[in-house]
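Student: One file: upload_10.pdb (PDB, C-alpha atoms).
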```
ATOM      1  CA  MET A   1       1.626  70.456  33.207
ATOM      2  CA  PRO A   2       1.540  68.561  29.920
ATOM      3  CA  THR A   3       4.764  66.990  28.761
ATOM      4  CA  ARG A   4       6.353  67.795  25.433
ATOM      5  CA  ARG A   5       5.432  64.316  24.220
ATOM      6  CA  SER A   6       1.762  64.568  25.215
ATOM      7  CA  ALA A   7       1.516  68.061  23.708
ATOM      8  CA  LEU A   8       2.991  66.821  20.457
ATOM      9  CA  ALA A   9       0.610  63.838  20.454
ATOM     10  CA  ARG A  10      -2.404  66.136  20.853
ATOM     11  CA  LEU A  11      -1.068  68.456  18.170
ATOM     12  CA  ALA A  12      -0.580  65.518  15.813
ATOM     13  CA  GLY A  13      -4.092  64.280  16.547
ATOM     14  CA  THR A  14      -5.578  67.705  15.829
ATOM     15  CA  ALA A  15      -3.644  67.992  12.593
ATOM     16  CA  ALA A  16      -4.758  64.525  11.483
ATOM     17  CA  ALA A  17      -8.393  65.295  12.211
ATOM     18  CA  PHE A  18      -8.445  68.284   9.860
ATOM     19  CA  CYS A  19      -5.792  67.286   7.338
ATOM     20  CA  PRO A  20      -7.080  66.855   3.785
ATOM     21  CA  LEU A  21      -3.981  64.924   2.704
ATOM     22  CA  PRO A  22      -4.311  61.550   0.963
ATOM     23  CA  LEU A  23      -3.297  59.676   4.123
ATOM     24  CA  LEU A  24      -6.926  59.999   5.296
ATOM     25  CA  ALA A  25      -8.438  59.228   1.928
ATOM     26  CA  GLN A  26     -10.368  56.019   1.363
ATOM     27  CA  ASP A  27      -8.260  55.271  -1.724
ATOM     28  CA  ASP A  28      -4.939  55.415   0.168
ATOM     29  CA  LYS A  29      -2.840  52.451  -1.034
ATOM     30  CA  THR A  30       0.286  53.007   1.057
ATOM     31  CA  ALA A  31       1.468  50.093   3.193
ATOM     32  CA  ILE A  32       0.358  49.582   6.786
ATOM     33  CA  ARG A  33       3.048  48.346   9.176
ATOM     34  CA  LEU A  34       1.695  45.925  11.791
ATOM     35  CA  LEU A  35       4.219  45.628  14.596
ATOM     36  CA  VAL A  36       4.334  42.592  16.864
ATOM     37  CA  GLY A  37       6.500  42.246  19.951
ATOM     38  CA  ALA A  38       5.884  38.622  20.888
ATOM     39  CA  SER A  39       6.520  35.351  19.110
ATOM     40  CA  ALA A  40       4.632  32.093  18.487
ATOM     41  CA  GLY A  41       0.851  32.468  18.685
ATOM     42  CA  THR A  42       0.904  36.264  18.832
ATOM     43  CA  ASP A  43       3.081  36.529  15.735
ATOM     44  CA  PHE A  44       0.859  34.054  13.896
ATOM     45  CA  THR A  45      -2.236  36.037  14.874
ATOM     46  CA  ALA A  46      -0.659  39.219  13.540
ATOM     47  CA  ARG A  47       0.188  37.584  10.206
ATOM     48  CA  LEU A  48      -3.298  36.138   9.864
ATOM     49  CA  VAL A  49      -4.880  39.542  10.558
ATOM     50  CA  ALA A  50      -2.480  41.198   8.113
ATOM     51  CA  GLU A  51      -3.343  38.750   5.339
ATOM     52  CA  LYS A  52      -7.076  39.363   5.696
ATOM     53  CA  LEU A  53      -6.667  43.102   6.268
ATOM     54  CA  ARG A  54      -4.908  43.409   2.913
ATOM     55  CA  ASP A  55      -7.977  41.967   1.227
ATOM     56  CA  ALA A  56     -10.412  44.082   3.235
ATOM     57  CA  LEU A  57      -8.626  47.410   2.707
ATOM     58  CA  GLY A  58      -7.023  46.761  -0.670
ATOM     59  CA  ARG A  59      -3.620  47.943   0.498
ATOM     60  CA  PRO A  60      -0.399  46.227   1.637
ATOM     61  CA  VAL A  61      -0.106  45.217   5.298
ATOM     62  CA  VAL A  62       3.397  44.217   6.405
ATOM     63  CA  VAL A  63       4.094  42.452   9.710
ATOM     64  CA  LEU A  64       7.293  43.597  11.415
ATOM     65  CA  GLN A  65       8.519  41.591  14.394
ATOM     66  CA  LYS A  66      10.176  43.838  16.975
ATOM     67  CA  LEU A  67      11.060  41.561  19.883
ATOM     68  CA  GLY A  68      12.491  42.687  23.189
ATOM     69  CA  ALA A  69      11.655  43.941  26.686
ATOM     70  CA  GLY A  70       8.318  42.173  26.847
ATOM     71  CA  GLN A  71       6.858  43.977  23.786
ATOM     72  CA  ARG A  72       8.112  47.376  24.952
ATOM     73  CA  VAL A  73      10.586  47.703  22.056
ATOM     74  CA  ALA A  74       7.689  47.518  19.610
ATOM     75  CA  LEU A  75       5.486  49.732  21.788
ATOM     76  CA  ASN A  76       8.154  52.422  21.871
ATOM     77  CA  GLU A  77       8.300  52.416  18.081
ATOM     78  CA  LEU A  78       4.506  52.611  17.875
ATOM     79  CA  GLN A  79       4.452  55.455  20.377
ATOM     80  CA  LYS A  80       6.804  57.530  18.199
ATOM     81  CA  SER A  81       4.935  56.841  14.941
ATOM     82  CA  ALA A  82       2.708  59.307  13.116
ATOM     83  CA  PRO A  83      -1.022  58.905  13.903
ATOM     84  CA  ASP A  84      -1.933  58.383  10.251
ATOM     85  CA  GLY A  85      -3.022  54.733  10.390
ATOM     86  CA  ARG A  86       0.136  53.503   8.675
ATOM     87  CA  THR A  87       1.670  52.006  11.838
ATOM     88  CA  LEU A  88      -0.308  49.691  14.118
ATOM     89  CA  MET A  89       0.613  47.021  16.642
ATOM     90  CA  LEU A  90      -0.915  43.767  17.800
ATOM     91  CA  VAL A  91      -0.330  43.687  21.574
ATOM     92  CA  THR A  92      -1.113  41.262  24.389
ATOM     93  CA  SER A  93      -2.568  42.848  27.510
ATOM     94  CA  ALA A  94       0.501  42.645  29.776
ATOM     95  CA  PRO A  95       1.928  46.111  28.914
ATOM     96  CA  PHE A  96      -1.427  47.662  29.804
ATOM     97  CA  SER A  97      -2.604  45.507  32.711
ATOM     98  CA  ILE A  98       0.489  44.038  34.411
ATOM     99  CA  TYR A  99       3.524  46.228  33.727
ATOM    100  CA  PRO A 100       2.127  49.371  35.411
ATOM    101  CA  HIS A 101       2.162  47.420  38.701
ATOM    102  CA  ILE A 102       5.526  45.642  38.478
ATOM    103  CA  TYR A 103       7.831  48.209  36.880
ATOM    104  CA  THR A 104       8.652  51.397  38.722
ATOM    105  CA  LYS A 105       9.526  53.211  35.501
ATOM    106  CA  LEU A 106       7.672  52.859  32.201
ATOM    107  CA  ASP A 107       8.511  55.075  29.240
ATOM    108  CA  TYR A 108       4.896  55.098  28.087
ATOM    109  CA  ASP A 109       1.465  55.864  29.505
ATOM    110  CA  PRO A 110      -0.836  52.894  28.726
ATOM    111  CA  LEU A 111      -3.939  55.093  28.743
ATOM    112  CA  LYS A 112      -2.681  58.197  26.926
ATOM    113  CA  ASP A 113       0.034  57.158  24.478
ATOM    114  CA  PHE A 114      -1.949  54.786  22.261
ATOM    115  CA  THR A 115      -5.213  54.619  20.320
ATOM    116  CA  PRO A 116      -7.254  51.409  20.714
ATOM    117  CA  ILE A 117      -8.391  50.047  17.342
ATOM    118  CA  ALA A 118     -10.055  46.684  18.050
ATOM    119  CA  GLY A 119      -9.907  43.589  20.221
ATOM    120  CA  VAL A 120      -8.762  40.517  18.308
ATOM    121  CA  SER A 121      -8.277  37.431  20.468
ATOM    122  CA  ALA A 122      -7.418  36.006  23.879
ATOM    123  CA  PHE A 123      -5.443  33.099  25.300
ATOM    124  CA  ASP A 124      -4.779  31.306  28.556
ATOM    125  CA  VAL A 125      -1.984  29.020  29.785
ATOM    126  CA  GLY A 126      -1.562  25.439  30.879
ATOM    127  CA  ILE A 127      -0.240  24.084  34.173
ATOM    128  CA  ALA A 128       2.099  21.135  33.699
ATOM    129  CA  THR A 129       3.905  18.884  36.116
ATOM    130  CA  GLY A 130       6.098  15.812  35.822
ATOM    131  CA  PRO A 131       7.961  13.001  37.592
ATOM    132  CA  LEU A 132       9.126  15.175  40.498
ATOM    133  CA  THR A 133       5.572  15.485  41.837
ATOM    134  CA  GLY A 134       3.983  12.464  40.202
ATOM    135  CA  ALA A 135       0.683  14.380  40.205
ATOM    136  CA  GLN A 136      -2.014  13.173  37.826
ATOM    137  CA  ASN A 137      -4.429  16.012  38.569
ATOM    138  CA  MET A 138      -4.721  19.272  40.478
ATOM    139  CA  LYS A 139      -5.791  17.519  43.690
ATOM    140  CA  ASP A 140      -2.589  15.448  43.627
ATOM    141  CA  LEU A 141      -0.485  18.544  42.985
ATOM    142  CA  VAL A 142      -2.057  20.464  45.861
ATOM    143  CA  ALA A 143      -1.362  17.554  48.189
ATOM    144  CA  TRP A 144       2.257  17.396  47.001
ATOM    145  CA  LEU A 145       2.749  21.144  47.505
ATOM    146  CA  LYS A 146       1.368  20.946  51.039
ATOM    147  CA  ALA A 147       3.663  18.027  51.831
ATOM    148  CA  ASN A 148       6.727  19.595  50.191
ATOM    149  CA  PRO A 149       6.526  23.362  50.776
ATOM    150  CA  GLN A 150      10.289  23.739  50.389
ATOM    151  CA  GLN A 151       9.959  22.493  46.804
ATOM    152  CA  ALA A 152       7.025  24.739  45.896
ATOM    153  CA  ILE A 153       8.719  26.117  42.790
ATOM    154  CA  TYR A 154       7.237  26.866  39.394
ATOM    155  CA  GLY A 155       8.634  28.080  36.113
ATOM    156  CA  SER A 156       6.956  30.414  33.664
ATOM    157  CA  ALA A 157       7.594  31.475  30.097
ATOM    158  CA  PRO A 158       8.043  34.090  28.766
ATOM    159  CA  GLY A 159       8.951  34.900  32.368
ATOM    160  CA  THR A 160       8.577  37.816  34.758
ATOM    161  CA  GLY A 161       5.487  39.924  34.212
ATOM    162  CA  SER A 162       3.811  37.418  31.899
ATOM    163  CA  LEU A 163       0.385  35.857  32.222
ATOM    164  CA  SER A 164       2.108  32.572  33.128
ATOM    165  CA  HIS A 165       3.984  34.245  35.982
ATOM    166  CA  PHE A 166       0.789  35.649  37.459
ATOM    167  CA  VAL A 167      -1.159  32.421  37.091
ATOM    168  CA  GLY A 168       1.464  30.970  39.435
ATOM    169  CA  ILE A 169       1.019  33.865  41.850
ATOM    170  CA  SER A 170      -2.750  33.392  41.683
ATOM    171  CA  LEU A 171      -2.427  29.671  42.383
ATOM    172  CA  GLY A 172      -0.194  30.286  45.381
ATOM    173  CA  LEU A 173      -2.638  32.821  46.808
ATOM    174  CA  ALA A 174      -5.632  30.541  46.205
ATOM    175  CA  LEU A 175      -3.899  27.684  48.050
ATOM    176  CA  GLY A 176      -2.364  29.814  50.765
ATOM    177  CA  GLN A 177       0.918  28.263  49.689
ATOM    178  CA  PRO A 178       3.745  30.651  48.669
ATOM    179  CA  MET A 179       5.553  29.489  45.546
ATOM    180  CA  THR A 180       8.984  30.461  44.273
ATOM    181  CA  HIS A 181       9.064  31.687  40.686
ATOM    182  CA  VAL A 182      11.717  30.822  38.096
ATOM    183  CA  ALA A 183      11.585  32.811  34.856
ATOM    184  CA  TYR A 184      12.281  31.096  31.528
ATOM    185  CA  LYS A 185      12.728  32.956  28.264
ATOM    186  CA  ASP A 186      11.647  29.902  26.285
ATOM    187  CA  SER A 187       8.968  27.394  27.221
ATOM    188  CA  PRO A 188      10.764  24.329  25.703
ATOM    189  CA  VAL A 189      13.613  24.696  28.221
ATOM    190  CA  GLY A 190      11.216  24.886  31.159
ATOM    191  CA  LEU A 191       9.144  21.952  29.916
ATOM    192  CA  LEU A 192      12.331  19.918  29.469
ATOM    193  CA  ASP A 193      13.208  20.638  33.096
ATOM    194  CA  VAL A 194       9.741  19.433  34.149
ATOM    195  CA  SER A 195       9.959  16.254  32.080
ATOM    196  CA  SER A 196      13.409  15.443  33.489
ATOM    197  CA  GLY A 197      12.344  15.994  37.107
ATOM    198  CA  ARG A 198      14.425  19.134  37.716
ATOM    199  CA  LEU A 199      11.371  21.431  38.018
ATOM    200  CA  PRO A 200       8.077  20.493  39.679
ATOM    201  CA  ILE A 201       5.687  22.812  37.793
ATOM    202  CA  MET A 202       5.696  24.823  34.568
ATOM    203  CA  MET A 203       3.155  27.365  33.386
ATOM    204  CA  THR A 204       3.187  28.481  29.769
ATOM    205  CA  GLY A 205       1.236  28.368  26.529
ATOM    206  CA  LEU A 206      -0.736  25.156  26.215
ATOM    207  CA  SER A 207       0.159  24.517  22.560
ATOM    208  CA  GLY A 208       3.817  23.916  23.456
ATOM    209  CA  MET A 209       2.831  21.247  26.004
ATOM    210  CA  ILE A 210       0.753  18.993  23.760
ATOM    211  CA  GLU A 211       3.470  16.753  22.332
ATOM    212  CA  LEU A 212       5.172  16.088  25.681
ATOM    213  CA  HIS A 213       1.804  15.524  27.370
ATOM    214  CA  LYS A 214       0.685  12.981  24.788
ATOM    215  CA  ALA A 215       4.067  11.250  25.024
ATOM    216  CA  GLY A 216       3.613  10.907  28.789
ATOM    217  CA  ARG A 217       6.707  12.950  29.624
ATOM    218  CA  ILE A 218       4.710  15.683  31.368
ATOM    219  CA  ARG A 219       1.163  15.904  32.659
ATOM    220  CA  VAL A 220      -1.011  18.930  31.870
ATOM    221  CA  ILE A 221      -3.393  19.066  34.809
ATOM    222  CA  ALA A 222      -5.328  22.311  34.240
ATOM    223  CA  SER A 223      -5.709  25.457  32.155
ATOM    224  CA  SER A 224      -6.110  28.998  33.478
ATOM    225  CA  GLY A 225      -9.109  30.299  31.503
ATOM    226  CA  ASN A 226     -12.851  29.965  31.811
ATOM    227  CA  ALA A 227     -13.250  27.182  29.224
ATOM    228  CA  ARG A 228     -11.407  23.990  28.369
ATOM    229  CA  SER A 229      -9.016  24.094  25.459
ATOM    230  CA  PRO A 230     -10.029  22.180  22.327
ATOM    231  CA  LEU A 231      -6.399  21.065  22.163
ATOM    232  CA  LEU A 232      -6.841  19.025  25.364
ATOM    233  CA  PRO A 233     -10.580  18.772  26.013
ATOM    234  CA  ASP A 234     -10.080  16.287  28.863
ATOM    235  CA  VAL A 235      -7.981  18.767  30.855
ATOM    236  CA  PRO A 236     -10.152  20.822  33.242
ATOM    237  CA  THR A 237      -9.913  24.518  33.935
ATOM    238  CA  MET A 238      -8.511  25.494  37.314
ATOM    239  CA  GLN A 239     -11.994  26.447  38.462
ATOM    240  CA  GLU A 240     -13.329  23.038  37.446
ATOM    241  CA  ALA A 241     -10.478  21.526  39.455
ATOM    242  CA  GLY A 242     -11.598  23.453  42.530
ATOM    243  CA  ILE A 243      -9.075  26.308  42.377
ATOM    244  CA  ASN A 244     -10.501  29.833  42.275
ATOM    245  CA  VAL A 245      -8.301  31.108  39.437
ATOM    246  CA  ASN A 246      -9.604  32.358  36.096
ATOM    247  CA  THR A 247      -7.024  34.282  34.110
ATOM    248  CA  THR A 248      -6.642  35.038  30.409
ATOM    249  CA  SER A 249      -4.768  37.599  28.334
ATOM    250  CA  THR A 250      -6.551  39.829  25.833
ATOM    251  CA  VAL A 251      -4.927  40.665  22.489
ATOM    252  CA  GLY A 252      -5.764  43.865  20.648
ATOM    253  CA  ILE A 253      -4.576  46.185  17.911
ATOM    254  CA  PHE A 254      -3.468  49.709  18.787
ATOM    255  CA  GLY A 255      -2.157  52.758  16.987
ATOM    256  CA  PRO A 256      -0.231  55.762  18.304
ATOM    257  CA  ALA A 257      -2.048  58.486  20.219
ATOM    258  CA  GLY A 258      -3.963  61.112  18.263
ATOM    259  CA  MET A 259      -5.475  58.989  15.498
ATOM    260  CA  ALA A 260      -8.526  60.628  13.950
ATOM    261  CA  PRO A 261     -11.875  58.791  14.211
ATOM    262  CA  GLU A 262     -12.204  58.591  10.433
ATOM    263  CA  VAL A 263      -8.869  56.745  10.310
ATOM    264  CA  VAL A 264      -9.750  54.406  13.169
ATOM    265  CA  ARG A 265     -13.289  53.539  12.090
ATOM    266  CA  PRO A 266     -12.577  51.510   8.906
ATOM    267  CA  LEU A 267      -9.760  49.674  10.646
ATOM    268  CA  THR A 268     -12.027  48.723  13.548
ATOM    269  CA  THR A 269     -14.754  47.501  11.205
ATOM    270  CA  ALA A 270     -12.363  45.401   9.117
ATOM    271  CA  ILE A 271     -10.506  43.864  12.073
ATOM    272  CA  MET A 272     -13.672  42.935  13.962
ATOM    273  CA  ALA A 273     -15.077  41.305  10.837
ATOM    274  CA  ILE A 274     -11.859  39.291  10.383
ATOM    275  CA  ALA A 275     -11.802  38.149  14.021
ATOM    276  CA  GLY A 276     -15.436  37.085  13.806
ATOM    277  CA  THR A 277     -15.014  34.487  11.066
ATOM    278  CA  GLN A 278     -14.980  30.717  11.512
ATOM    279  CA  GLU A 279     -11.788  30.554   9.443
ATOM    280  CA  PHE A 280     -10.041  32.848  11.919
ATOM    281  CA  ARG A 281     -11.177  30.662  14.832
ATOM    282  CA  GLU A 282     -10.008  27.453  13.159
ATOM    283  CA  LYS A 283      -6.584  28.814  12.220
ATOM    284  CA  LEU A 284      -5.931  30.124  15.751
ATOM    285  CA  ALA A 285      -7.063  26.938  17.509
ATOM    286  CA  PRO A 286      -3.722  25.063  17.208
ATOM    287  CA  PHE A 287      -2.083  27.879  19.202
ATOM    288  CA  ASN A 288      -4.723  27.744  21.966
ATOM    289  CA  VAL A 289      -5.809  31.240  20.933
ATOM    290  CA  PHE A 290      -9.491  32.060  20.547
ATOM    291  CA  PRO A 291     -11.173  35.023  18.804
ATOM    292  CA  LYS A 292     -12.388  37.928  20.893
ATOM    293  CA  PRO A 293     -13.465  40.726  18.514
ATOM    294  CA  SER A 294     -14.380  43.941  20.307
ATOM    295  CA  THR A 295     -14.771  47.663  19.767
ATOM    296  CA  PRO A 296     -12.136  50.122  21.007
ATOM    297  CA  GLN A 297     -14.365  50.935  23.976
ATOM    298  CA  GLU A 298     -14.878  47.263  24.843
ATOM    299  CA  LEU A 299     -11.170  46.567  24.452
ATOM    300  CA  MET A 300     -10.219  49.338  26.866
ATOM    301  CA  ALA A 301     -12.892  48.266  29.371
ATOM    302  CA  THR A 302     -11.442  44.741  29.332
ATOM    303  CA  LEU A 303      -7.885  45.994  29.785
ATOM    304  CA  GLN A 304      -8.918  48.270  32.641
ATOM    305  CA  ALA A 305     -10.631  45.335  34.355
ATOM    306  CA  GLU A 306      -7.460  43.251  33.921
ATOM    307  CA  ASN A 307      -5.420  46.170  35.265
ATOM    308  CA  ARG A 308      -7.516  46.206  38.449
ATOM    309  CA  GLN A 309      -7.192  42.426  38.763
ATOM    310  CA  TYR A 310      -3.403  42.532  38.579
ATOM    311  CA  ALA A 311      -3.172  45.503  40.920
ATOM    312  CA  GLY A 312      -4.870  43.341  43.532
ATOM    313  CA  LEU A 313      -2.676  40.334  42.748
ATOM    314  CA  VAL A 314       0.559  42.300  43.041
ATOM    315  CA  LYS A 315      -0.544  43.817  46.338
ATOM    316  CA  ALA A 316      -1.809  40.542  47.815
ATOM    317  CA  SER A 317       1.251  38.586  46.725
ATOM    318  CA  GLY A 318       3.794  40.998  48.119
ATOM    319  CA  TYR A 319       5.513  40.892  44.748
ATOM    320  CA  THR A 320       8.305  43.484  44.662
ATOM    321  CA  PRO A 321       8.209  45.685  41.543
ATOM    322  CA  GLU A 322      11.436  45.714  39.569
TER
END
```
Give the structure from this file in structure tokens form.
Tutor:
Amino acid sequence: MPTRRSALARLAGTAAAFCPLPLLAQDDKTAIRLLVGASAGTDFTARLVAEKLRDALGRPVVVLQKLGAGQRVALNELQKSAPDGRTLMLVTSAPFSIYPHIYTKLDYDPLKDFTPIAGVSAFDVGIATGPLTGAQNMKDLVAWLKANPQQAIYGSAPGTGSLSHFVGISLGLALGQPMTHVAYKDSPVGLLDVSSGRLPIMMTGLSGMIELHKAGRIRVIASSGNARSPLLPDVPTMQEAGINVNTTSTVGIFGPAGMAPEVVRPLTTAIMAIAGTQEFREKLAPFNVFPKPSTPQELMATLQAENRQYAGLVKASGYTPE
């Protein structure tokens, strides 16, 4: 039986599809709110998209940062918004691909409560170690973990349920070496613990590691994606280092459920064009974020593939949902 929320979403979608009001008109100049629920690179990406979207659509686009609960605060606001194209959100893939497998109760349906607009970008994470292990590369770290299983501990930021957290789970599974996870809200604190020898391994966004790595206080020994980062071109991917782990996070723009195709279409076209420019690539590079423009269908196919990947990881790891 359909819920009140899903029935209202369908009703709103039907009304939007046939409504002749100005909100569907091409000359609509009302502001678009672009919600973002994560900081650093994700927030920067949202602001860059907003700036270019203003030019493309000829209407104001305002970025609103709604932090909390791993982007779920912002998602809840998006979910309750009218499907008129005036409220969108730039979201990393975790709420769609990871959270359904680690939280027993979610107040949203990742497949039914949102409208995919376009894929925008993707990012991976770095694996850093320090004086506690003395490792100079992944081979050294693996040897240290095997010799010191009681100290097989890693930190991740932004913590539980993040890409960084699951890169650690993936590494432990690939090595057959269980690792204890410590969640950090902020990567600088975790990296400080690595540099001071209190934590053996930290996994987080690569851009935050650069300064400490170049200063010799930590050692970035690998990245989690399928290509080396231009920020540290000498650092291999985990696969290049002989570890069968290849994990990235997709970033896309969504609206609430029930958005009419004629509202979605111009947004998709504009966002994909923005994400496909060399300027966009160059401005994202310092955050270790790379463009990944895609259609709504391609975006959902990617998220569904990630969902299946994390379902297997959660099951294989024995991770207990919270």
Student: Find, counting all atoms listed in the file, the residue in A:Glu211, A:Asp124, A:Glu279, A:Asp113 that gets nearest to Ser223 of chain A.
Tutor: A:Asp124
Student: Which polymer residues have any atom within 8 Å of an atom of segment 190-192 of chain A, counting only C-alpha atoms, with same-chain residues fewer than 2 positions away left out, as a ChimeraX atom specification?
Tutor: /A:155-157,184,186-188,194-196,199,202,209,218
Student: What lies within 10 Å of Gly276 of chain A using only C-alpha atoms, ignoring chain neighbours under 5 positions off, as a VMD selection string?
Tutor: chain A and resid 120 to 121 271 281 291 to 294
Student: Measuring between all atoms listed in the file, which one of A:Ile221, A:Ala38, A:Thr250, A:Gln304 shows the shortest distance to Gly68 of chain A?
Tutor: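 Checking each candidate against Gly68 of chain A, we get A:Ala38 as the closest.
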Student: Decode the PyMOL selection byres ((chain A and resi 37) around 9) for the given file into explicit residues and return them as JSON, numbers by chain.
Tutor: {"A": [35, 36, 38, 39, 42, 43, 64, 65, 66, 67, 68, 69, 70, 71, 72, 73, 74, 75, 89, 90, 91, 92]}
Student: Taking all atoms listed in the file into account, which of A:Gly318, A:Ile210, A:Ala50, A:Asp84 comes nearest Met179 of chain A?
Tutor: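 Using all atoms listed in the file, the shortest distance to Met179 of chain A belongs to A:Gly318.
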Student: Residues picked by the PyMOL selection byres ((chain A and resi 248) around 9) here, as a list in words?
Tutor: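 Written out, the selection comes to Ala122, Phe123, Asp124, Val125, Leu163, Ser224, Gly225, Asn226, Asn246, Thr247, Ser249, Thr250 and Glu306 of chain A.
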Student: Report as a list in words the full result of the PyMOL selection byres ((chain A and resi 266) around 12) when it is applied to this structure.
Tutor: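 Those residues are Leu24, Ala25, Gln26, Leu53, Ala56, Leu57, Gly85, Ile117, Ala118, Ala260, Pro261, Glu262, Val263, Val264, Arg265, Leu267, Thr268, Thr269, Ala270, Ile271, Met272, Ala273 and Thr295 of chain A.
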Student: Could segment 115-126 of chain A be completed with N, CA and C atoms and written as a CSV table (one decimal), in the coordinates of the input, please?
Tutor:
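And here is the file that came out, selection_30.csv:
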```
chain,number,residue,atom,x,y,z
A,115,THR,N,-3.8,54.6,20.7
A,115,THR,CA,-5.2,54.6,20.3
A,115,THR,C,-5.7,53.2,20.2
A,116,PRO,N,-6.7,52.8,20.9
A,116,PRO,CA,-7.3,51.4,20.7
A,116,PRO,C,-8.0,51.3,19.4
A,117,ILE,N,-7.7,50.3,18.6
A,117,ILE,CA,-8.4,50.0,17.3
A,117,ILE,C,-9.5,49.0,17.4
A,118,ALA,N,-9.1,47.8,17.9
A,118,ALA,CA,-10.1,46.7,18.0
A,118,ALA,C,-9.5,45.5,18.9
A,119,GLY,N,-10.3,44.8,19.6
A,119,GLY,CA,-9.9,43.6,20.2
A,119,GLY,C,-9.9,42.5,19.2
A,120,VAL,N,-9.0,41.6,19.3
A,120,VAL,CA,-8.8,40.5,18.3
A,120,VAL,C,-9.0,39.1,18.9
A,121,SER,N,-8.3,38.8,20.0
A,121,SER,CA,-8.3,37.4,20.5
A,121,SER,C,-7.9,37.4,21.9
A,122,ALA,N,-7.8,36.2,22.5
A,122,ALA,CA,-7.4,36.0,23.9
A,122,ALA,C,-6.8,34.6,24.0
A,123,PHE,N,-6.0,34.4,25.1
A,123,PHE,CA,-5.4,33.1,25.3
A,123,PHE,C,-5.2,32.9,26.8
A,124,ASP,N,-5.1,31.6,27.2
A,124,ASP,CA,-4.8,31.3,28.6
A,124,ASP,C,-3.5,30.4,28.6
A,125,VAL,N,-3.2,29.9,29.7
A,125,VAL,CA,-2.0,29.0,29.8
A,125,VAL,C,-2.3,27.7,30.4
A,126,GLY,N,-1.4,26.7,30.3
A,126,GLY,CA,-1.6,25.4,30.9
A,126,GLY,C,-0.7,25.3,32.1
```
